[in-house]
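What's in start.txt: compact mmCIF, C-alpha atoms
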```txt
# COMPACT_ATOMS: atom_id res chain seq x y z
CA MET N 1 15.47 -31.44 15.55
CA LYS N 2 16.00 -30.71 11.86
CA PRO N 3 14.55 -27.34 10.76
CA SER N 4 12.66 -29.00 7.92
CA LEU N 5 11.10 -31.49 10.36
CA GLN N 6 10.10 -28.64 12.66
CA ARG N 7 8.31 -26.97 9.77
CA LEU N 8 6.38 -30.13 8.93
CA ILE N 9 5.40 -30.73 12.56
CA GLY N 10 4.39 -27.07 12.88
CA ARG N 11 2.15 -27.49 9.85
CA ARG N 12 0.49 -30.55 11.42
CA SER N 13 -0.01 -28.68 14.68
CA PHE N 14 -1.64 -25.83 12.75
CA PHE N 15 -4.21 -28.20 11.24
CA ARG N 16 -4.88 -29.72 14.66
CA SER N 17 -5.42 -26.36 16.36
CA MET N 18 -7.76 -25.13 13.61
CA GLY N 19 -9.77 -28.34 13.70
CA PHE N 20 -9.95 -28.68 9.92
CA ALA N 21 -11.11 -32.03 8.67
CA ALA N 22 -8.11 -32.34 6.40
CA GLY N 23 -5.86 -31.56 9.33
CA ALA N 24 -7.62 -34.04 11.52
CA ALA N 25 -7.25 -36.70 8.88
CA SER N 26 -3.56 -35.90 8.57
CA SER N 27 -2.97 -36.10 12.30
CA SER N 28 -4.66 -39.46 12.50
CA LEU N 29 -2.78 -40.92 9.54
CA LEU N 30 0.73 -39.43 9.89
CA THR N 31 2.99 -40.66 12.67
CA ASP N 32 6.26 -39.03 13.73
CA ALA N 33 8.08 -41.80 11.86
CA ASP N 34 6.08 -40.93 8.74
CA LEU N 35 7.08 -37.29 9.05
CA GLU N 36 10.77 -38.14 9.55
CA GLY N 37 10.65 -40.46 6.55
CA ALA N 38 9.04 -37.76 4.42
CA VAL N 39 11.87 -35.38 5.20
CA GLN N 40 14.46 -37.99 4.29
CA ASN N 41 12.84 -38.50 0.88
CA VAL N 42 12.92 -34.80 0.03
CA SER N 43 15.97 -33.82 -2.05
CA ARG N 44 17.63 -30.79 -0.47
CA SER N 45 21.05 -29.73 -1.71
CA SER N 46 21.69 -27.67 1.40
CA VAL N 47 20.36 -25.29 4.01
CA PRO N 48 21.80 -22.07 2.56
CA SER N 49 21.81 -20.00 5.76
CA GLN N 50 23.95 -22.62 7.49
CA LEU N 51 26.38 -23.30 4.63
CA ARG N 52 30.05 -22.78 5.49
CA ILE N 53 33.34 -23.10 3.58
CA THR N 54 35.53 -25.87 5.00
CA ASP N 55 38.25 -26.36 2.39
CA LEU N 56 39.84 -25.05 -0.81
CA ARG N 57 41.90 -27.28 -3.09
CA VAL N 58 43.43 -27.03 -6.57
CA ALA N 59 43.93 -29.26 -9.63
CA VAL N 60 46.09 -27.77 -12.41
CA VAL N 61 45.02 -28.75 -15.93
CA GLU N 62 47.50 -28.26 -18.76
CA ARG N 63 47.29 -27.92 -22.56
CA ALA N 64 43.64 -26.91 -22.58
CA PRO N 65 45.33 -25.36 -24.64
CA PHE N 66 46.83 -23.31 -21.79
CA THR N 67 47.63 -24.14 -18.17
CA CYS N 68 44.54 -23.61 -16.02
CA PRO N 69 44.33 -24.10 -12.22
CA ILE N 70 40.82 -25.27 -11.26
CA ILE N 71 39.80 -24.72 -7.65
CA ARG N 72 37.26 -26.64 -5.60
CA ILE N 73 35.65 -25.11 -2.54
CA ASP N 74 34.11 -27.65 -0.15
CA THR N 75 31.45 -27.00 2.47
CA ASN N 76 30.03 -28.43 5.68
CA GLN N 77 26.96 -29.70 3.82
CA GLY N 78 28.71 -31.89 1.29
CA ILE N 79 28.33 -29.67 -1.76
CA SER N 80 31.32 -28.27 -3.65
CA GLY N 81 31.74 -25.34 -6.01
CA TYR N 82 34.25 -24.90 -8.82
CA GLY N 83 36.16 -21.88 -10.04
CA GLU N 84 39.20 -21.30 -12.21
CA VAL N 85 42.34 -19.19 -11.95
CA ARG N 86 43.03 -17.43 -15.24
CA ASP N 87 45.01 -19.29 -17.87
CA GLY N 88 48.75 -19.08 -17.35
CA ALA N 89 48.46 -17.84 -13.76
CA SER N 90 49.76 -19.42 -10.56
CA LYS N 91 47.56 -21.56 -8.33
CA THR N 92 49.12 -19.66 -5.42
CA TYR N 93 46.89 -16.69 -6.21
CA ALA N 94 43.94 -18.81 -5.07
CA LEU N 95 45.61 -20.80 -2.30
CA MET N 96 46.67 -17.65 -0.45
CA LEU N 97 42.98 -16.77 -0.08
CA LYS N 98 42.03 -20.01 1.67
CA SER N 99 42.58 -18.71 5.19
CA ARG N 100 40.47 -15.64 4.35
CA VAL N 101 37.41 -17.60 3.24
CA LEU N 102 37.32 -20.60 5.61
CA GLY N 103 34.19 -20.42 7.75
CA GLU N 104 32.42 -17.97 5.45
CA ASN N 105 29.00 -18.65 3.96
CA PRO N 106 29.66 -18.89 0.19
CA CYS N 107 26.14 -17.63 -0.51
CA ASN N 108 27.35 -14.23 0.68
CA VAL N 109 29.22 -13.86 -2.59
CA ASP N 110 29.55 -10.09 -2.59
CA LYS N 111 30.68 -9.97 1.03
CA ILE N 112 33.45 -12.49 0.33
CA PHE N 113 34.47 -10.69 -2.86
CA ARG N 114 34.80 -7.38 -1.02
CA LYS N 115 36.86 -9.13 1.65
CA ILE N 116 39.39 -10.62 -0.78
CA LYS N 117 39.45 -8.23 -3.74
CA GLN N 118 42.37 -6.31 -2.23
CA PHE N 119 44.51 -9.39 -3.00
CA GLY N 120 43.85 -9.18 -6.72
CA HIS N 121 45.47 -6.95 -9.31
CA HIS N 122 45.49 -6.46 -13.05
CA ALA N 123 46.08 -9.29 -15.53
CA ARG N 124 46.75 -12.73 -14.06
CA GLN N 125 47.30 -11.48 -10.52
CA ALA N 126 43.50 -11.28 -10.23
CA GLY N 127 43.16 -14.99 -10.97
CA GLY N 128 42.73 -16.18 -7.39
CA VAL N 129 40.08 -13.65 -6.43
CA CYS N 130 38.09 -14.39 -9.58
CA ALA N 131 38.35 -18.16 -9.09
CA VAL N 132 36.98 -17.92 -5.55
CA GLU N 133 34.17 -15.65 -6.71
CA MET N 134 33.19 -18.13 -9.45
CA ALA N 135 33.18 -21.02 -6.99
CA CYS N 136 31.01 -19.10 -4.54
CA TRP N 137 28.43 -18.42 -7.24
CA ASP N 138 28.51 -22.11 -8.15
CA LEU N 139 27.87 -23.01 -4.50
CA ALA N 140 25.14 -20.41 -4.06
CA GLY N 141 23.32 -21.66 -7.13
CA LYS N 142 23.56 -25.26 -5.94
CA ALA N 143 22.40 -24.27 -2.45
CA TYR N 144 19.31 -22.45 -3.73
CA GLY N 145 18.72 -24.76 -6.69
CA VAL N 146 18.96 -22.10 -9.41
CA PRO N 147 21.39 -21.34 -12.26
CA VAL N 148 23.83 -18.49 -11.71
CA TYR N 149 22.30 -16.28 -14.40
CA GLN N 150 19.03 -16.26 -12.46
CA MET N 151 20.77 -14.76 -9.43
CA LEU N 152 22.20 -12.03 -11.67
CA GLY N 153 18.70 -10.88 -12.62
CA GLY N 154 17.79 -13.40 -15.30
CA LYS N 155 18.97 -13.85 -18.86
CA SER N 156 18.79 -11.68 -21.95
CA ARG N 157 19.56 -14.58 -24.31
CA ASP N 158 19.43 -18.38 -24.48
CA LYS N 159 22.50 -18.85 -26.67
CA ILE N 160 25.95 -17.30 -26.39
CA ARG N 161 27.69 -16.36 -29.63
CA ARG N 162 31.39 -17.19 -29.70
CA TYR N 163 34.36 -16.30 -31.87
CA ALA N 164 37.73 -17.93 -32.49
CA GLY N 165 40.94 -17.67 -34.39
CA THR N 166 43.10 -20.50 -35.63
CA THR N 167 46.73 -21.58 -35.82
CA GLU N 168 49.17 -19.05 -37.22
CA SER N 169 50.64 -18.92 -40.70
CA PRO N 170 52.98 -16.39 -42.33
CA ASN N 171 50.91 -16.77 -45.49
CA GLY N 172 47.66 -14.82 -45.59
CA THR N 173 45.98 -17.18 -48.04
CA GLU N 174 46.76 -20.20 -45.86
CA LYS N 175 45.51 -18.34 -42.79
CA GLY N 176 42.32 -17.47 -44.62
CA LYS N 177 41.73 -21.12 -45.53
CA ARG N 178 42.10 -22.12 -41.88
CA LEU N 179 39.61 -19.45 -40.86
CA LYS N 180 37.25 -20.64 -43.60
CA LYS N 181 37.21 -24.03 -41.89
CA ARG N 182 36.13 -22.28 -38.69
CA MET N 183 33.18 -20.87 -40.61
CA GLU N 184 32.35 -24.35 -41.84
CA ARG N 185 32.12 -25.39 -38.18
CA GLY N 186 29.47 -22.74 -37.63
CA LEU N 187 31.41 -19.76 -36.33
CA THR N 188 29.84 -16.46 -37.31
CA ARG N 189 32.67 -14.23 -36.02
CA LEU N 190 36.40 -14.74 -36.52
CA LYS N 191 39.69 -13.39 -35.22
CA THR N 192 43.21 -13.26 -36.59
CA ASP N 193 46.61 -12.12 -35.40
CA PHE N 194 48.87 -10.13 -37.67
CA GLY N 195 51.78 -8.18 -36.35
CA ILE N 196 55.23 -6.91 -37.02
CA ASP N 197 56.70 -10.35 -36.37
CA LEU N 198 55.50 -11.15 -39.90
CA LEU N 199 57.87 -8.45 -41.15
CA ARG N 200 61.07 -9.59 -39.47
CA GLU N 201 62.50 -11.09 -42.69
CA ILE N 202 61.34 -8.30 -45.02
CA PRO N 203 63.90 -5.48 -45.30
CA GLY N 204 62.63 -1.94 -45.14
CA THR N 205 59.39 -2.72 -43.29
CA LEU N 206 60.39 -1.72 -39.74
CA SER N 207 62.28 1.23 -38.32
CA LYS N 208 63.76 0.13 -34.99
CA PRO N 209 66.89 0.52 -32.88
CA ALA N 210 69.64 -1.98 -33.63
CA GLY N 211 69.30 -5.03 -31.41
CA MET N 212 65.61 -4.47 -30.63
CA GLU N 213 63.44 -7.55 -31.06
CA ALA N 214 61.30 -7.60 -34.18
CA TYR N 215 58.18 -7.78 -32.00
CA GLY N 216 59.21 -4.70 -30.07
CA GLY N 217 60.24 -6.21 -26.75
CA SER N 218 57.78 -8.38 -24.87
CA ARG N 219 58.22 -6.46 -21.60
CA VAL N 220 58.73 -2.96 -22.98
CA MET N 221 55.55 -0.87 -23.26
CA HIS N 222 54.70 0.25 -26.76
CA PRO N 223 55.57 3.97 -26.56
CA PHE N 224 59.05 3.16 -25.27
CA THR N 225 60.36 0.65 -27.81
CA GLY N 226 61.21 3.10 -30.57
CA VAL N 227 59.73 0.65 -33.11
CA GLU N 228 57.70 2.10 -36.00
CA ILE N 229 56.26 0.56 -39.18
CA THR N 230 57.29 1.94 -42.54
CA ASP N 231 54.88 2.42 -45.44
CA LYS N 232 56.28 -0.77 -46.95
CA GLY N 233 55.54 -2.66 -43.73
CA ILE N 234 51.99 -1.37 -43.56
CA GLY N 235 51.48 -2.36 -47.18
CA ALA N 236 52.72 -5.89 -46.48
CA LEU N 237 50.36 -6.33 -43.52
CA SER N 238 47.47 -4.92 -45.54
CA ASP N 239 48.19 -7.45 -48.29
CA TYR N 240 48.20 -10.21 -45.66
CA VAL N 241 44.72 -9.25 -44.43
CA ALA N 242 43.48 -8.83 -48.01
CA ALA N 243 44.51 -12.43 -48.71
CA ILE N 244 42.51 -13.57 -45.65
CA ARG N 245 39.47 -11.62 -46.80
CA ALA N 246 39.78 -13.17 -50.26
CA GLU N 247 39.23 -16.57 -48.66
CA ILE N 248 36.53 -15.79 -46.06
CA GLY N 249 34.73 -12.92 -47.81
CA MET N 250 33.72 -9.53 -46.46
CA ASP N 251 30.47 -10.56 -44.77
CA VAL N 252 31.85 -12.32 -41.69
CA PRO N 253 33.12 -10.04 -38.88
CA LEU N 254 36.91 -10.39 -38.54
CA SER N 255 38.72 -8.88 -35.56
CA ALA N 256 42.47 -8.60 -35.02
CA ASP N 257 45.03 -8.70 -32.21
CA HIS N 258 48.78 -8.88 -31.43
CA PHE N 259 50.32 -6.18 -33.58
CA GLY N 260 53.59 -5.86 -31.70
CA HIS N 261 54.89 -3.16 -29.40
CA ILE N 262 54.81 -0.22 -31.77
CA GLY N 263 54.37 3.51 -31.28
CA VAL N 264 51.03 5.32 -31.24
CA ASN N 265 51.49 6.94 -34.64
CA SER N 266 52.28 3.59 -36.21
CA CYS N 267 49.11 2.23 -34.59
CA ILE N 268 47.07 4.97 -36.23
CA ARG N 269 48.63 4.49 -39.66
CA LEU N 270 48.18 0.70 -39.45
CA ALA N 271 44.56 0.98 -38.33
CA ARG N 272 43.74 3.40 -41.13
CA ALA N 273 45.17 0.94 -43.65
CA MET N 274 42.86 -1.74 -42.26
CA GLU N 275 39.66 0.27 -42.65
CA LYS N 276 39.14 -1.04 -46.18
CA HIS N 277 39.22 -4.60 -44.85
CA GLN N 278 36.27 -3.85 -42.54
CA LEU N 279 37.84 -5.23 -39.36
CA ALA N 280 35.36 -5.79 -36.54
CA TRP N 281 37.89 -4.40 -34.06
CA MET N 282 41.60 -3.90 -33.45
CA GLU N 283 42.54 -5.12 -30.00
CA ASP N 284 45.12 -3.91 -27.48
CA MET N 285 47.01 -1.70 -29.90
CA ILE N 286 48.74 -0.13 -26.89
CA PRO N 287 48.51 -0.91 -23.15
CA TRP N 288 45.12 -0.16 -21.63
CA GLN N 289 46.70 2.10 -18.99
CA PHE N 290 47.25 4.91 -21.52
CA THR N 291 43.69 6.22 -21.67
CA GLU N 292 44.48 9.45 -23.53
CA LEU N 293 46.64 7.68 -26.10
CA LEU N 294 43.92 5.10 -26.73
CA LYS N 295 41.48 7.93 -27.26
CA LYS N 296 43.92 9.50 -29.72
CA ILE N 297 43.92 6.28 -31.76
CA THR N 298 40.15 5.81 -31.48
CA ASP N 299 39.43 9.36 -32.61
CA ALA N 300 41.81 9.04 -35.58
CA VAL N 301 40.44 5.90 -37.24
CA ASP N 302 37.14 4.64 -38.59
CA LEU N 303 37.10 1.12 -37.25
CA PRO N 304 36.45 -0.05 -33.66
CA ILE N 305 39.27 0.04 -31.11
CA LEU N 306 38.98 -2.38 -28.19
CA THR N 307 40.84 -3.27 -24.98
CA GLY N 308 40.24 -4.74 -21.53
CA GLU N 309 41.41 -8.33 -21.06
CA ASP N 310 44.01 -7.30 -18.46
CA ILE N 311 41.89 -4.84 -16.44
CA TYR N 312 40.89 -5.68 -12.86
CA LEU N 313 37.65 -4.20 -11.47
CA LYS N 314 35.16 -1.82 -13.01
CA GLU N 315 36.82 1.48 -12.07
CA ASP N 316 39.40 1.43 -14.87
CA PHE N 317 36.77 0.30 -17.37
CA ALA N 318 34.75 3.32 -16.29
CA LYS N 319 37.67 5.61 -17.16
CA LEU N 320 37.84 4.17 -20.66
CA VAL N 321 34.08 4.32 -21.22
CA ASN N 322 33.54 7.77 -19.73
CA SER N 323 36.42 9.29 -21.69
CA LYS N 324 35.25 7.56 -24.88
CA ALA N 325 38.74 6.13 -25.30
CA VAL N 326 37.52 2.88 -26.88
CA ASP N 327 34.62 1.73 -29.02
CA MET N 328 34.27 -1.65 -27.28
CA ILE N 329 35.46 -3.29 -24.07
CA HIS N 330 36.85 -6.80 -23.74
CA PRO N 331 37.06 -8.03 -20.12
CA ASP N 332 38.37 -11.46 -19.20
CA LEU N 333 36.07 -12.62 -16.42
CA ALA N 334 38.97 -14.45 -14.73
CA THR N 335 40.77 -11.08 -14.44
CA SER N 336 38.06 -8.43 -14.30
CA GLY N 337 36.71 -9.50 -10.90
CA GLY N 338 34.56 -12.54 -11.56
CA ILE N 339 30.96 -12.99 -12.58
CA LEU N 340 29.15 -10.17 -10.78
CA GLU N 341 31.88 -7.57 -11.31
CA THR N 342 31.91 -8.35 -15.04
CA LYS N 343 28.12 -7.98 -15.13
CA LYS N 344 28.56 -4.55 -13.49
CA ILE N 345 31.25 -3.67 -16.05
CA GLY N 346 28.87 -4.58 -18.86
CA ASP N 347 26.11 -2.49 -17.34
CA LEU N 348 28.27 0.62 -16.98
CA ALA N 349 29.48 0.21 -20.57
CA MET N 350 25.87 -0.15 -21.68
CA GLU N 351 25.12 3.28 -20.22
CA GLY N 352 27.91 4.73 -22.36
CA GLY N 353 26.73 3.01 -25.53
CA VAL N 354 29.72 0.63 -25.54
CA PRO N 355 29.24 -3.08 -26.36
CA MET N 356 31.07 -5.79 -24.43
CA ALA N 357 32.92 -8.70 -26.00
CA MET N 358 34.51 -11.18 -23.59
CA HIS N 359 38.02 -12.63 -23.61
CA PHE N 360 38.39 -16.26 -22.49
CA ALA N 361 41.06 -18.96 -22.74
CA GLY N 362 40.34 -21.59 -20.08
CA THR N 363 38.53 -24.85 -19.30
CA PRO N 364 34.76 -25.46 -19.38
CA VAL N 365 34.57 -24.34 -15.73
CA SER N 366 35.50 -20.76 -16.49
CA PHE N 367 33.69 -21.01 -19.81
CA MET N 368 30.39 -21.67 -18.03
CA ALA N 369 31.02 -18.74 -15.69
CA ASN N 370 31.37 -16.59 -18.82
CA VAL N 371 28.22 -18.11 -20.34
CA HIS N 372 26.10 -17.21 -17.30
CA CYS N 373 27.50 -13.68 -17.17
CA ALA N 374 27.02 -13.17 -20.91
CA ALA N 375 23.46 -14.45 -20.70
CA ALA N 376 22.62 -11.88 -18.04
CA THR N 377 24.37 -8.87 -19.64
CA GLU N 378 22.33 -6.96 -22.20
CA ASN N 379 25.16 -5.37 -24.20
CA PHE N 380 27.15 -8.61 -24.54
CA LEU N 381 28.42 -9.15 -28.07
CA VAL N 382 30.51 -12.32 -28.37
CA LEU N 383 32.68 -14.69 -26.28
CA GLU N 384 36.15 -15.90 -27.28
CA HIS N 385 36.90 -19.63 -27.47
CA HIS N 386 40.45 -20.96 -27.72
CA SER N 387 39.90 -24.70 -27.38
CA LEU N 388 38.26 -25.78 -30.62
CA ASP N 389 41.24 -27.99 -31.44
CA VAL N 390 41.48 -29.66 -28.00
CA PRO N 391 39.53 -32.93 -28.49
CA TRP N 392 39.07 -33.68 -24.78
CA TRP N 393 38.14 -30.14 -23.70
CA GLU N 394 34.40 -30.76 -23.36
CA ASP N 395 35.03 -34.11 -21.66
CA LEU N 396 36.54 -32.33 -18.64
CA VAL N 397 33.00 -31.77 -17.33
CA THR N 398 29.72 -33.63 -16.98
CA GLY N 399 26.13 -32.67 -16.31
CA ILE N 400 25.52 -30.65 -19.44
CA PRO N 401 24.34 -31.80 -22.88
CA LYS N 402 27.17 -32.26 -25.37
CA PRO N 403 28.42 -30.65 -27.46
CA ILE N 404 28.77 -27.65 -25.17
CA VAL N 405 29.54 -25.44 -28.14
CA GLU N 406 27.87 -26.04 -31.48
CA LYS N 407 27.45 -24.06 -34.70
CA GLY N 408 29.01 -20.93 -33.28
CA PHE N 409 26.98 -20.83 -30.08
CA ALA N 410 26.87 -22.24 -26.56
CA ASN N 411 23.58 -23.04 -24.85
CA VAL N 412 22.88 -21.46 -21.47
CA PRO N 413 22.40 -24.29 -18.92
CA ASP N 414 19.44 -24.37 -16.54
CA ARG N 415 21.06 -26.62 -13.93
CA PRO N 416 21.88 -25.09 -10.52
CA GLY N 417 25.10 -23.14 -10.14
CA LEU N 418 27.43 -23.08 -13.12
CA GLY N 419 25.68 -26.19 -14.42
CA VAL N 420 28.64 -28.56 -14.66
CA GLU N 421 30.60 -31.02 -12.53
CA LEU N 422 34.13 -32.25 -13.17
CA ASN N 423 34.79 -35.53 -14.94
CA GLU N 424 37.40 -36.84 -12.50
CA ALA N 425 38.85 -39.48 -14.82
CA VAL N 426 39.45 -37.04 -17.68
CA VAL N 427 40.81 -34.25 -15.47
CA LYS N 428 43.31 -36.68 -13.95
CA GLN N 429 44.61 -37.48 -17.43
CA HIS N 430 45.55 -33.85 -18.02
CA LEU N 431 47.08 -32.64 -14.77
CA ARG N 432 50.29 -30.65 -14.97
CA ASP N 433 51.66 -31.27 -11.48
CA GLY N 434 50.49 -32.56 -8.15
CA GLY N 435 47.43 -34.70 -7.68
CA TYR N 436 43.71 -34.32 -7.99
CA PHE N 437 42.62 -31.75 -5.37
CA GLU N 438 45.20 -32.82 -2.82
CA PRO N 439 44.95 -31.48 0.77
CA THR N 440 46.16 -27.90 1.30
CA LYS N 441 46.40 -27.75 5.11
CA GLU N 442 49.47 -25.53 4.89
CA TRP N 443 47.21 -22.72 3.63
CA ASP N 444 44.65 -22.99 6.45
CA SER N 445 46.01 -20.07 8.45
CA ASP N 446 47.90 -16.86 7.78
CA ARG N 447 49.02 -14.45 10.47
CA SER N 448 48.28 -11.31 8.51
CA ASN N 449 46.34 -8.20 9.44
CA ASP N 450 44.53 -7.45 6.19
CA TRP N 451 42.89 -4.17 7.21
CA LEU N 452 43.54 -1.31 4.78
CA TRP N 453 42.90 1.41 7.36
CA SER N 454 43.41 1.98 11.12
```

Hey, can you dump this file as structure tokens for me?
Amino acid sequence: MKPSLQRLIGRRSFFRSMGFAAGAASSSLLTDADLEGAVQNVSRSSVPSQLRITDLRVAVVERAPFTCPIIRIDTNQGISGYGEVRDGASKTYALMLKSRVLGENPCNVDKIFRKIKQFGHHARQAGGVCAVEMACWDLAGKAYGVPVYQMLGGKSRDKIRRYAGTTESPNGTEKGKRLKKRMERGLTRLKTDFGIDLLREIPGTLSKPAGMEAYGGSRVMHPFTGVEITDKGIGALSDYVAAIRAEIGMDVPLSADHFGHIGVNSCIRLARAMEKHQLAWMEDMIPWQFTELLKKITDAVDLPILTGEDIYLKEDFAKLVNSKAVDMIHPDLATSGGILETKKIGDLAMEGGVPMAMHFAGTPVSFMANVHCAAATENFLVLEHHSLDVPWWEDLVTGIPKPIVEKGFANVPDRPGLGVELNEAVVKQHLRDGGYFEPTKEWDSDRSNDWLWS
């Protein structure tokens, strides 16, 4: 007998045994068929304690504007949850976890996360773990009928502020005009890239070994490239930012990223030159792994230094916060460990007086995961948004009022789970390879002993 039917029959038996008039009337009017029919008319998304994962499949969306593998986790009760591997990462990071999560109750989100987190790592290697974690929260919310933010302790805000950059230009005035158009669309925070690639055709602006790329080597860490900026180069980049400010004004917060792989002393000199332009932050000046060097930069300049989009799990964020190596943190939820881990990261930063901006460059699935986390995290500042120029981006999902993002903000949905479902027709129009959530039986089992101790 169905558990819900047992509860209804138990309630009727209670009235009978107590001899209440209302109970007597109920027992005389309600037949077993009536009770069974009543249960069938009640909308129940699932019985959470009995929910089990039965499948994991992937659909890879491209040009959103980046390549983004969306995962779908199916269950024995007919409900599915969605997550997303970080932009630019391989779907394999998620598929390899399938055998580890089959049979698990997705409502036990933290248990599953602790089981699989050993298979994640920094940057995009964390994408699979984070995607599964997102999908489990989506399933748990649908099972219990509540939005994800509610399961994180409730929300601190109803709207999520976002920021964005725009397409690149070697001309600062043109770049400023493009950013001005972002302001006209309602954005209240902006971002720009300016780096030593802008100097490649200007003699006397860079000191670098012969043959070294103008950007400093994409796979050589900053302290090891031997690339430094001359005073002339710093002046040229300062003029570039001044031209942007001339177009957008000084009132709107403007952050900056992608400076090139330059030495620490060049980072300090460049950041000092930008103080007069009142930058909201300078991001990833050197790799996040060099805590002491980041602190050296932070202590030497009077504008905020920020990092974090490639850090997996809260422990390395704690090192940065506790050593006061940065002024702000910038986790990407699809790398940092998923929704709950990012909430924990925000909370630990809050204790150190450090605000949290959030990096994001995916589809609306991951976007909504960020929205729920941001809503529940007190020291959240602003969420990045890369897809303003992708006309079909919002059409990838249904179930939420459109536009999803408007006048610089995103509304926090009150629907269960992440609050969105996929628009199958639109997703199918933008797949990179393979089909739409094709079977993945080859990932059902893996003969691996995953224990980390004996």

Rank nothing, just name the residue among N:Lys343, N:Lys402, N:Lys91, N:Arg52 nearest to N:Pro364, using all atoms listed in the file.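 Counting all atoms listed in the file, the residue closest to N:Pro364 is N:Lys402.
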
Using Å and a single decimal, report how far atom CA of N:Arg72 sits from atom CA of N:Gly141. 14.9 Å

Tell me which of N:Ala256, N:Ile404, N:Ala131, N:Met221 sits closest to N:Gln289, counting only C-alpha atoms.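 Looking only at the distances to N:Gln289, the closest residue turns out to be N:Met221.
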
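Atom pair atom CA of N:Ala376 / atom CA of N:Arg157: separated by 7.5 Å.
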
State, in Å with one decimal place, the distance from atom CA of N:Trp453 to atom CA of N:His121.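 Here the two named atoms are 18.8 Å from each other.
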
Which centre and edge lengths in Å to one decimal define the box along x, y and z that fits every listed atom of stretch 294-308 of chain N plus 3 Å per side, as JSON?
```
{"center_x": 40.2, "center_y": 2.4, "center_z": -30.1, "size_x": 13.5, "size_y": 20.2, "size_z": 23.1}
```

Leaving out N:Ile345 and any residue of its chain fewer than 6 positions from it, which residues lie within 9 Å of it when counting all atoms listed in the file, given as a list of chain:residue names?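 Result of the neighbour search: N:Leu313, N:Lys314, N:Glu315, N:Phe317, N:Ala318, N:Pro331, N:Ser336, N:Met356.
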
May I have the selected residues written with C-alpha atoms, as an mmCIF file, in the coordinates of the input?
```cif
data_model
loop_
_atom_site.group_PDB
_atom_site.id
_atom_site.type_symbol
_atom_site.label_atom_id
_atom_site.label_comp_id
_atom_site.auth_asym_id
_atom_site.auth_seq_id
_atom_site.Cartn_x
_atom_site.Cartn_y
_atom_site.Cartn_z
ATOM 1 C CA LEU N 313 37.650 -4.200 -11.470
ATOM 2 C CA LYS N 314 35.160 -1.820 -13.010
ATOM 3 C CA GLU N 315 36.820 1.480 -12.070
ATOM 4 C CA PHE N 317 36.770 0.300 -17.370
ATOM 5 C CA ALA N 318 34.750 3.320 -16.290
ATOM 6 C CA PRO N 331 37.060 -8.030 -20.120
ATOM 7 C CA SER N 336 38.060 -8.430 -14.300
ATOM 8 C CA MET N 356 31.070 -5.790 -24.430
#
```

Of the listed residues N:Ser218, N:Ser207, N:Asn322, N:Thr92, that which approaches N:Thr230 most closely, counting only C-alpha atoms: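 Residue with the minimum atom-to-atom distance to N:Thr230: N:Ser207.
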
Pick the closest to N:Val60 from N:Asn449, N:Thr377, N:Thr307, N:Gln429: which is it, counting only C-alpha atoms? N:Gln429
